[in-house]
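So this one's start_24.txt, compact mmCIF, C-alpha atoms:
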```
# COMPACT_ATOMS: atom_id res chain seq x y z
CA MET A 17 -15.50 27.90 30.75
CA PRO A 18 -11.81 27.08 30.17
CA LYS A 19 -9.77 29.72 28.36
CA ALA A 20 -8.48 29.35 24.79
CA PRO A 21 -6.62 27.67 23.18
CA LEU A 22 -8.67 24.49 22.76
CA PRO A 23 -6.85 21.25 23.62
CA ASP A 24 -5.76 19.29 20.56
CA ASP A 25 -8.57 16.71 20.59
CA VAL A 26 -11.25 19.39 20.99
CA ALA A 27 -9.62 21.55 18.31
CA GLU A 28 -9.62 18.55 15.97
CA LEU A 29 -13.35 18.02 16.50
CA PHE A 30 -14.06 21.74 16.18
CA ARG A 31 -12.26 21.87 12.81
CA GLN A 32 -14.71 19.37 11.27
CA PRO A 33 -17.64 20.63 9.13
CA ASN A 34 -20.01 20.37 12.09
CA PRO A 35 -23.59 21.61 12.21
CA ALA A 36 -23.36 24.83 14.24
CA VAL A 37 -25.36 27.64 15.75
CA VAL A 38 -24.04 31.15 16.32
CA ALA A 39 -25.48 33.51 18.94
CA VAL A 40 -25.11 37.27 18.70
CA LEU A 41 -26.69 40.23 20.46
CA LEU A 42 -29.57 42.35 19.21
CA PRO A 43 -29.33 46.12 19.70
CA SER A 44 -31.51 45.57 22.83
CA GLY A 45 -28.84 43.27 24.26
CA ALA A 46 -31.03 40.16 23.96
CA PRO A 47 -29.48 37.12 22.30
CA MET A 48 -30.49 35.78 18.88
CA SER A 49 -29.25 32.54 17.38
CA VAL A 50 -29.11 31.03 13.92
CA ALA A 51 -27.60 27.99 12.20
CA THR A 52 -24.29 28.76 10.53
CA TRP A 53 -21.32 27.44 8.65
CA TYR A 54 -17.97 28.26 10.23
CA LEU A 55 -14.32 27.52 9.47
CA VAL A 56 -11.34 27.55 11.84
CA GLU A 57 -8.42 29.44 10.30
CA ASP A 58 -4.77 28.49 10.78
CA ASP A 59 -4.41 31.35 13.31
CA GLY A 60 -7.26 29.88 15.40
CA THR A 61 -9.84 32.55 14.57
CA VAL A 62 -13.26 31.42 13.37
CA LEU A 63 -14.50 32.60 9.99
CA LEU A 64 -18.18 33.44 9.58
CA ASN A 65 -19.65 34.73 6.33
CA MET A 66 -23.05 36.33 5.78
CA ASP A 67 -25.21 37.95 3.18
CA ALA A 68 -23.95 41.54 3.34
CA GLU A 69 -27.49 42.92 3.65
CA ARG A 70 -28.38 40.87 6.71
CA ALA A 71 -29.37 42.88 9.82
CA ARG A 72 -27.06 40.65 11.84
CA VAL A 73 -24.05 42.43 10.30
CA SER A 74 -24.92 45.75 11.92
CA TRP A 75 -25.90 44.04 15.17
CA MET A 76 -22.52 42.29 15.34
CA LYS A 77 -20.71 45.54 14.58
CA GLU A 78 -22.54 47.14 17.52
CA HIS A 79 -22.00 44.16 19.88
CA PRO A 80 -18.96 42.11 18.78
CA GLU A 81 -19.51 39.39 21.40
CA VAL A 82 -20.29 36.03 19.82
CA ALA A 83 -20.98 32.50 21.05
CA LEU A 84 -20.98 29.44 18.81
CA THR A 85 -21.90 25.82 19.48
CA ALA A 86 -20.81 23.06 17.11
CA LEU A 87 -22.62 19.70 17.31
CA LYS A 88 -20.93 16.51 16.22
CA ASP A 89 -22.88 15.36 13.17
CA GLY A 90 -25.18 12.46 14.03
CA GLU A 91 -23.92 12.30 17.62
CA TRP A 92 -24.76 15.68 19.09
CA TYR A 93 -24.30 14.69 22.72
CA THR A 94 -20.72 15.55 21.77
CA HIS A 95 -20.54 19.29 21.24
CA VAL A 96 -18.09 22.15 21.53
CA SER A 97 -18.99 25.74 22.39
CA ILE A 98 -16.80 28.78 22.12
CA ARG A 99 -17.13 32.40 23.17
CA GLY A 100 -15.24 35.32 21.72
CA ARG A 101 -15.33 38.60 19.85
CA VAL A 102 -15.34 39.65 16.24
CA VAL A 103 -11.88 41.10 15.69
CA ARG A 104 -12.00 41.73 11.93
CA TRP A 105 -14.46 42.33 9.11
CA GLU A 106 -13.81 41.89 5.40
CA ALA A 107 -16.38 43.47 3.12
CA ASP A 108 -14.43 43.36 -0.11
CA GLU A 109 -16.77 41.51 -2.44
CA ALA A 110 -14.24 39.27 -4.18
CA ALA A 111 -12.51 38.39 -0.90
CA ALA A 112 -15.78 37.63 0.88
CA MET A 113 -16.96 35.48 -2.04
CA ALA A 114 -13.68 33.54 -1.84
CA ASP A 115 -14.41 33.02 1.88
CA ILE A 116 -17.93 31.68 1.32
CA ASP A 117 -16.47 29.35 -1.31
CA ARG A 118 -13.98 28.05 1.28
CA LEU A 119 -16.88 27.49 3.69
CA ALA A 120 -19.02 25.81 1.01
CA ARG A 121 -16.17 23.51 0.00
CA HIS A 122 -15.58 22.62 3.68
CA TYR A 123 -19.23 21.69 4.17
CA THR A 124 -20.41 20.54 0.74
CA GLY A 125 -17.28 19.92 -1.35
CA SER A 126 -18.44 22.48 -3.93
CA GLU A 127 -18.35 26.23 -4.48
CA TYR A 128 -21.18 28.37 -3.15
CA ARG A 129 -24.06 28.35 -5.59
CA ASN A 130 -25.56 31.82 -5.11
CA ARG A 131 -23.23 34.28 -6.90
CA GLU A 132 -25.87 37.03 -7.08
CA ARG A 133 -25.77 38.55 -3.62
CA ALA A 134 -22.87 40.31 -1.90
CA ARG A 135 -21.25 38.55 1.07
CA ILE A 136 -19.29 39.80 4.06
CA SER A 137 -16.84 37.92 6.30
CA CYS A 138 -15.83 38.31 9.90
CA TRP A 139 -13.42 36.52 12.19
CA VAL A 140 -14.05 35.61 15.82
CA GLU A 141 -11.15 35.41 18.26
CA ILE A 142 -11.92 32.64 20.76
CA SER A 143 -11.60 33.62 24.43
CA ASN A 144 -13.21 30.59 26.11
CA TRP A 145 -14.47 27.14 25.19
CA HIS A 146 -16.61 24.41 26.71
CA GLY A 147 -16.99 20.82 25.60
CA TRP A 148 -19.32 17.94 26.37
CA GLY A 149 -19.49 14.26 25.56
CA ALA A 150 -16.26 13.19 23.87
CA ALA A 151 -15.10 16.83 23.97
CA LYS A 152 -15.52 17.28 27.74
CA ALA A 153 -12.70 19.03 29.59
CA ASP A 154 -10.71 16.80 31.93
CA MET B 5 -38.04 38.04 12.88
CA PRO B 6 -41.79 37.32 12.64
CA LYS B 7 -43.73 37.43 15.89
CA ALA B 8 -45.15 34.36 17.65
CA PRO B 9 -47.14 32.18 17.24
CA LEU B 10 -45.28 29.92 14.82
CA PRO B 11 -47.25 28.89 11.72
CA ASP B 12 -48.53 25.31 11.88
CA ASP B 13 -45.86 23.74 9.64
CA VAL B 14 -43.04 25.43 11.55
CA ALA B 15 -44.62 24.54 14.90
CA GLU B 16 -44.85 20.92 13.77
CA LEU B 17 -41.14 20.85 12.91
CA PHE B 18 -40.24 22.65 16.15
CA ARG B 19 -42.13 20.04 18.21
CA GLN B 20 -39.86 17.24 16.98
CA PRO B 21 -36.92 16.04 19.14
CA ASN B 22 -34.50 18.21 17.19
CA PRO B 23 -30.85 18.81 18.03
CA ALA B 24 -30.86 22.32 19.53
CA VAL B 25 -28.66 25.05 20.93
CA VAL B 26 -29.77 27.57 23.53
CA ALA B 27 -28.14 30.98 23.93
CA VAL B 28 -28.30 32.92 27.18
CA LEU B 29 -26.51 35.97 28.57
CA LEU B 30 -23.57 35.99 30.93
CA PRO B 31 -23.59 38.54 33.76
CA SER B 32 -21.36 40.69 31.48
CA GLY B 33 -24.11 40.70 28.85
CA ALA B 34 -22.09 38.59 26.40
CA PRO B 35 -23.86 35.58 24.89
CA MET B 36 -23.00 31.95 25.69
CA SER B 37 -24.46 28.95 23.92
CA VAL B 38 -24.78 25.24 24.64
CA ALA B 39 -26.51 22.20 23.16
CA THR B 40 -29.81 21.44 24.83
CA TRP B 41 -32.90 19.32 24.91
CA TYR B 42 -36.17 21.25 24.78
CA LEU B 43 -39.86 20.41 24.71
CA VAL B 44 -42.77 22.51 23.46
CA GLU B 45 -45.61 22.49 25.98
CA ASP B 46 -49.30 22.54 25.04
CA ASP B 47 -49.43 26.25 25.97
CA GLY B 48 -46.62 27.00 23.49
CA THR B 49 -43.93 27.69 26.08
CA VAL B 50 -40.60 25.89 25.73
CA LEU B 51 -39.40 23.70 28.59
CA LEU B 52 -35.69 23.65 29.40
CA ASN B 53 -34.24 21.63 32.27
CA MET B 54 -30.77 21.89 33.80
CA ASP B 55 -28.60 20.56 36.54
CA ALA B 56 -29.67 22.77 39.43
CA GLU B 57 -26.05 23.62 40.29
CA ARG B 58 -25.19 24.94 36.85
CA ALA B 59 -24.00 28.59 36.71
CA ARG B 60 -26.37 29.10 33.80
CA VAL B 61 -29.32 29.00 36.22
CA SER B 62 -28.23 32.18 38.00
CA TRP B 63 -27.25 33.82 34.72
CA MET B 64 -30.72 33.17 33.29
CA LYS B 65 -32.36 34.46 36.45
CA GLU B 66 -30.37 37.70 36.05
CA HIS B 67 -31.00 37.98 32.27
CA PRO B 68 -34.18 36.05 31.28
CA GLU B 69 -33.72 36.67 27.54
CA VAL B 70 -33.15 33.40 25.67
CA ALA B 71 -32.62 32.39 22.05
CA LEU B 72 -32.84 28.81 20.79
CA THR B 73 -32.11 27.26 17.41
CA ALA B 74 -33.41 23.80 16.51
CA LEU B 75 -31.77 21.97 13.59
CA LYS B 76 -33.67 19.36 11.63
CA ASP B 77 -31.84 16.11 12.36
CA GLY B 78 -29.67 15.02 9.43
CA GLU B 79 -30.85 17.97 7.30
CA TRP B 80 -29.79 21.04 9.21
CA TYR B 81 -30.20 23.50 6.34
CA THR B 82 -33.75 23.39 7.69
CA HIS B 83 -33.76 25.08 11.07
CA VAL B 84 -36.05 27.08 13.33
CA SER B 85 -34.93 29.75 15.76
CA ILE B 86 -36.96 31.38 18.49
CA ARG B 87 -36.42 34.28 20.86
CA GLY B 88 -38.18 34.85 24.14
CA ARG B 89 -37.96 35.16 27.89
CA VAL B 90 -38.00 32.79 30.81
CA VAL B 91 -41.40 33.34 32.40
CA ARG B 92 -41.34 30.59 35.05
CA TRP B 93 -38.94 28.49 37.10
CA GLU B 94 -39.71 25.22 38.86
CA ALA B 95 -37.12 24.12 41.38
CA ASP B 96 -39.17 21.48 43.17
CA GLU B 97 -37.00 18.39 42.91
CA ALA B 98 -39.69 15.83 42.11
CA ALA B 99 -41.37 18.12 39.58
CA ALA B 100 -38.09 18.98 37.85
CA MET B 101 -37.12 15.28 37.71
CA ALA B 102 -40.49 14.53 36.09
CA ASP B 103 -39.68 17.25 33.53
CA ILE B 104 -36.25 15.85 32.65
CA ASP B 105 -37.91 12.46 32.27
CA ARG B 106 -40.40 13.99 29.80
CA LEU B 107 -37.46 15.48 27.90
CA ALA B 108 -35.50 12.24 27.97
CA ARG B 109 -38.48 10.23 26.71
CA HIS B 110 -39.03 12.79 23.93
CA TYR B 111 -35.40 12.47 22.78
CA THR B 112 -34.39 8.94 23.76
CA GLY B 113 -37.59 7.04 24.51
CA SER B 114 -36.38 6.31 28.06
CA GLU B 115 -36.29 7.98 31.45
CA TYR B 116 -33.31 10.15 32.36
CA ARG B 117 -30.52 7.97 33.68
CA ASN B 118 -28.81 10.25 36.20
CA ARG B 119 -31.05 10.30 39.30
CA GLU B 120 -28.27 11.54 41.60
CA ARG B 121 -28.19 15.26 40.90
CA ALA B 122 -30.94 17.83 41.42
CA ARG B 123 -32.57 19.36 38.33
CA ILE B 124 -34.38 22.63 37.73
CA SER B 125 -36.87 23.55 34.99
CA CYS B 126 -37.76 26.79 33.30
CA TRP B 127 -40.20 27.79 30.59
CA VAL B 128 -39.52 30.23 27.77
CA GLU B 129 -42.35 32.28 26.29
CA ILE B 130 -41.67 32.71 22.57
CA SER B 131 -41.81 36.30 21.29
CA ASN B 132 -40.32 35.87 17.80
CA TRP B 133 -39.29 33.11 15.46
CA HIS B 134 -37.25 32.69 12.30
CA GLY B 135 -37.08 29.72 9.94
CA TRP B 136 -34.88 28.60 7.09
CA GLY B 137 -34.94 25.85 4.50
CA ALA B 138 -38.26 24.02 4.68
CA ALA B 139 -39.21 26.22 7.65
CA LYS B 140 -38.64 29.55 5.87
CA ALA B 141 -41.32 32.22 6.36
CA ASP B 142 -43.38 32.96 3.26
```
Let me see the structure of the file written as structure tokens.
Amino acid sequence: MPKAPLPDDVAELFRQPNPAVVAVLLPSGAPMSVATWYLVEDDGTVLLNMDAERARVSWMKEHPEVALTALKDGEWYTHVSIRGRVVRWEADEAAAMADIDRLARHYTGSEYRNRERARISCWVEISNWHGWGAAKAD
Amino acid sequence: MPKAPLPDDVAELFRQPNPAVVAVLLPSGAPMSVATWYLVEDDGTVLLNMDAERARVSWMKEHPEVALTALKDGEWYTHVSIRGRVVRWEADEAAAMADIDRLARHYTGSEYRNRERARISCWVEISNWHGWGAAKAD
């Protein structure tokens, strides 16, 4: 897999509100995967935001290695995958709620509807990427 | 994550030609993920088929643990994830080409176009599953 940073055309695709799946490690070291929203920050890190009570939070704190695949909506032969590590967590409730609102606006155009449950944010620093279809490396 | 087998309604969704992402482990133990076709066999195992020269083949032979998330096409809030292990490989060229044709027909309605490169198949035995949206566990 080529090293970061992503070339401009791949970065442009990756910044879209694409359907995505994130893979993390269980305490056993086995992978688990789940659909996710994500958002590329100006510094190139990838924001993820979860329910603060989710088991995945502790798993990702134990094993910070993350992989994420974004599928181009309606044309998923074109896809971009990244690998990296969680380099920062943000558990402050107001800050994490602002982050899920940024994600919700990116994907839905509206604020996040569920205001009842605490959220937590983390940021993934991309080490490697891989593209296919229109995002294939030259 | 609930243990296998999947309940009937989740199994029915999972059998569709859904956009999907598979996560495997690198030799380092870090996860990597990539978009994939998959097919649920009558015995409940999940067929995956790759270019036989892909590095992923050796990685999966070293670490047979696999996770896969299938997104409902056009409505990806509904998604199904499974975890499991590769329990069988099939490297015979004619057999593996028949498998990629089964996958291609499932997803595209036609045989696989690239007949030039050798393929390899493997089957994942599902240990656990997790659903969301219309596939959420009760």
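Picture a line from CA of Asn34 in chain A to CA of Pro47 in chain A; it runs 21.8 Å.
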Could you make a table, as a tab-separated table, of the residues of chain A that have an atom within 6 Å of an atom of chain B, each with its nearest atom pair and distance in Å to one decimal, counting only C-alpha atoms, in chain and number order?
```
residue	atom	partner	partner_atom	distance
A:Ala46	CA	B:Glu69	CA	5.7
A:Pro47	CA	B:Ala71	CA	5.7
A:Met48	CA	B:Ala71	CA	5.1
A:Ser49	CA	B:Ala71	CA	5.8
A:Val50	CA	B:Thr73	CA	5.9
A:Glu81	CA	B:Ala34	CA	5.7
A:Ala83	CA	B:Met36	CA	5.1
A:Thr85	CA	B:Val38	CA	5.9
```
Problem - Within 7 Å of file point (-41.4, 34.7, 31.4), counting only C-alpha atoms, expressed as an NGL selection string - result: :B and (89-92 or 128-129)
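The spacing separating CA of Arg19 in chain B from CA of Leu43 in chain B amounts to 6.9 Å.
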Handout entry: Residue contacts of Leu51 in chain B (7 Å, only C-alpha atoms) excluding same-chain residues fewer than 2 positions away, as JSON, numbers by chain
Key = {"B": [42, 43, 44, 45, 49, 53, 125, 126, 127, 128]}
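The space between CA of His122 in chain A and CA of Arg135 in chain A spans 17.1 Å.
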Report, as JSON, the centre and edge lengths in Å (one decimal) of the axis-aligned box enclosing every listed atom of range 23-39 of chain A, padded by 8 Å on each side.
```
{"center_x": -15.6, "center_y": 25.1, "center_z": 16.4, "size_x": 35.7, "size_y": 32.8, "size_z": 30.5}
```
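Proximity ranking of B:Glu16, B:Glu97, B:Asp55, B:Glu66 relative to Ala138 in chain B places B:Glu16 first, based on all atoms listed in the file.
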Extract, using only C-alpha atoms, all DNA, RNA and protein residues at most 10 Å from Ala111 in chain A, discarding same-chain residues fewer than 4 positions from it, and format them as a short mmCIF file (atom, residue, chain, number, x, y, z; two decimals) with C-alpha atoms, in the frame of the given file.
```cif
data_model
loop_
_atom_site.label_atom_id
_atom_site.label_comp_id
_atom_site.auth_asym_id
_atom_site.auth_seq_id
_atom_site.Cartn_x
_atom_site.Cartn_y
_atom_site.Cartn_z
CA GLU A 106 -13.81 41.89 5.40
CA ALA A 107 -16.38 43.47 3.12
CA ASP A 115 -14.41 33.02 1.88
CA ILE A 116 -17.93 31.68 1.32
CA ASP A 117 -16.47 29.35 -1.31
CA ARG A 135 -21.25 38.55 1.07
CA ILE A 136 -19.29 39.80 4.06
CA SER A 137 -16.84 37.92 6.30
#
```
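Among the candidates B:Lys65, B:Lys76, B:Arg117, B:Arg58, the residue lying nearest to Leu17 in chain B is B:Lys76 (atoms considered: only C-alpha atoms).
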